[in-house]
Amino acid sequence: MEHQHRIRSSLRHSFSFFSLKNIVPLCAVLMMSACASNAQKIPIVTAWKNVDLSETNIQKSIKQLQESLNSAAKDMNITNCGDLSNAQSRQKFLTSLQAMKSLNPALASAALLAKTQVLGSIQDVRRAAGELQIAMTQLVNALPPEQFNPQNPEQERLNRINVEAKGASGLINYAEQIADQLQRLGG
């Protein structure tokens, strides 16, 4: 029981970074899960399948957010930032947007459309993160205490998922900065 409590506490801490502003969709998902958590435990196999599905969904939503950011760069005629796959290219994009002062009406309109697309993709990542959090909670509830062992091979898998989730959080923070700059430019 003590192991389970430690793991739950660790998971809550690991996924707390998704408590960013404007997370109404995530709260709705979590409220639904709270109602469902009072129900019977799910089998371990089902819990792992839910984790796998949730991990796949967050990977897809992260890729979509990256594509939205790349599209926003193209829409703003910013070509010096590459594919935004690393911190340096992301900083170039952000710096280029911050340096822009005024835009012609067509580019201002493109900025607002790009902002809408980026914000939609951010919400998709948040939703997928909420689903992953629920799946991880279900897994913790389904696993017997003897499986809460750092030497367990599944622990490596859980650690990898945690790293992916932290990467998603960083990308969300970056994308929010981009969306703010696009809003400023769109007027």
# chains A, B, ... in the order shown; residues from 1 in each chain; ligands from 1
$ residues_around --residues "A:Lys92" --least-positions-apart "4" --cutoff "8 Å" --atoms "only C-alpha atoms" --output "MDAnalysis selection string"
chainID A and resid 80:81 88 96
$ residues_around --residues "A:Ser68" --least-positions-apart "6" --cutoff "8 Å" --atoms "only C-alpha atoms" --output "PyMOL selection string"
chain A and resi 114+117-118+121
$ atom_distance --atom1 "atom CA of A:Met100" --atom2 "atom CA of A:Asn77"
11.2 Å
$ closest_atom_pairs --of "stretch 104-182 of chain A" --to "stretch 40-58 of chain A" --cutoff "8 Å" --atoms "only C-alpha atoms" --output "Markdown table"
| residue | atom | partner | partner_atom | distance |
| --- | --- | --- | --- | --- |
| A:Val125 | CA | A:Ile58 | CA | 6.1 |
| A:Ala128 | CA | A:Ile58 | CA | 4.9 |
| A:Ala129 | CA | A:Ile58 | CA | 6.2 |
| A:Glu131 | CA | A:Ser54 | CA | 6.0 |
| A:Leu132 | CA | A:Ser54 | CA | 4.8 |
| A:Ala135 | CA | A:Val51 | CA | 5.1 |
| A:Met136 | CA | A:Val51 | CA | 6.2 |
| A:Gln138 | CA | A:Ala47 | CA | 5.9 |
| A:Leu139 | CA | A:Ala47 | CA | 4.9 |
| A:Asn141 | CA | A:Lys41 | CA | 6.9 |
| A:Ala142 | CA | A:Ile44 | CA | 5.3 |
| A:Leu143 | CA | A:Ile44 | CA | 6.3 |
| A:Ile161 | CA | A:Glu55 | CA | 7.1 |
$ write_last_selection --atoms "C-alpha atoms" --output "PDB file, in the first residue's frame"
ATOM      1  CA  VAL A 125      -2.029  18.043 -26.674  1.00  0.00           C
ATOM      2  CA  ALA A 128      -4.181  13.810 -24.898  1.00  0.00           C
ATOM      3  CA  ALA A 129      -2.146  14.575 -21.763  1.00  0.00           C
ATOM      4  CA  GLU A 131      -6.143  11.012 -21.210  1.00  0.00           C
ATOM      5  CA  LEU A 132      -2.608   9.811 -20.495  1.00  0.00           C
ATOM      6  CA  ALA A 135      -4.618   5.928 -18.079  1.00  0.00           C
ATOM      7  CA  MET A 136      -1.603   6.121 -15.778  1.00  0.00           C
ATOM      8  CA  GLN A 138      -5.883   3.463 -13.869  1.00  0.00           C
ATOM      9  CA  LEU A 139      -2.659   1.515 -14.270  1.00  0.00           C
ATOM     10  CA  ASN A 141      -4.811   1.333  -9.375  1.00  0.00           C
ATOM     11  CA  ALA A 142      -4.681  -1.947 -11.296  1.00  0.00           C
ATOM     12  CA  LEU A 143      -1.122  -2.980 -10.448  1.00  0.00           C
ATOM     13  CA  ILE A 161       6.355   8.071 -21.000  1.00  0.00           C
TER      14      ILE A 161
END
$ select_by_dssp --residues "stretch 20-187 of chain A" --states "helix (DSSP H, G or I)" --output "count of residues only"
134
$ atom_distance --atom1 "atom CA of A:Val163" --atom2 "atom CA of A:Ile62"
13.2 Å
$ atom_distance --atom1 "atom CA of A:Asn162" --atom2 "atom CA of A:Gln133"
10.1 Å
$ residues_around --residues "A:Leu182" --least-positions-apart "3" --cutoff "8 Å" --atoms "only C-alpha atoms" --output "compact mmCIF listing (two decimals) with N, CA and C atoms, in the first residue's frame"
# COMPACT_ATOMS: atom_id res chain seq x y z
N LEU A 97 9.42 36.62 -34.70
CA LEU A 97 8.07 37.14 -34.46
C LEU A 97 8.11 38.37 -33.55
N ALA A 111 -1.65 35.86 -39.47
CA ALA A 111 -1.18 35.67 -38.09
C ALA A 111 -2.31 35.19 -37.19
N LEU A 112 -3.48 35.78 -37.34
CA LEU A 112 -4.62 35.37 -36.52
C LEU A 112 -5.08 33.95 -36.85
N ALA A 114 -3.13 31.59 -38.05
CA ALA A 114 -2.08 30.71 -37.54
C ALA A 114 -2.21 30.55 -36.03
N LYS A 115 -2.54 31.65 -35.35
CA LYS A 115 -2.72 31.60 -33.90
C LYS A 115 -3.85 30.64 -33.53
N ILE A 178 4.40 31.58 -28.87
CA ILE A 178 4.20 31.85 -30.29
C ILE A 178 2.80 32.39 -30.53
N ALA A 179 1.79 31.75 -29.92
CA ALA A 179 0.40 32.20 -30.08
C ALA A 179 0.23 33.64 -29.59
N LEU A 185 0.60 40.41 -33.39
CA LEU A 185 0.79 40.82 -34.78
C LEU A 185 -0.52 40.91 -35.55
N GLY A 186 -1.48 40.09 -35.16
CA GLY A 186 -2.77 40.09 -35.85
C GLY A 186 -3.66 41.24 -35.43
$ closest_residue --among "A:Glu156, A:Glu176, A:Asp75, A:Asp124" --to "A:Leu94" --atoms "only C-alpha atoms"
A:Glu176
$ closest_residue --among "A:Ala72, A:Asn86, A:Arg126, A:Pro145" --to "A:Ala110" --atoms "only C-alpha atoms"
A:Ala72
$ closest_residue --among "A:Ala165, A:Gln123, A:Gly130, A:Phe93" --to "A:Thr79" --atoms "only C-alpha atoms"
A:Phe93
$ closest_residue --among "A:Ala168, A:Arg160, A:Met76, A:Lys60" --to "A:Ser109" --atoms "only C-alpha atoms"
A:Met76
$ closest_residue --among "A:Thr95, A:Gln64, A:Asn104, A:Gln59" --to "A:Gln177" --atoms "only C-alpha atoms"
A:Thr95
$ closest_residue --among "A:Ser102, A:Gln66, A:Thr137, A:Ser71" --to "A:Leu84" --atoms "only C-alpha atoms"
A:Gln66
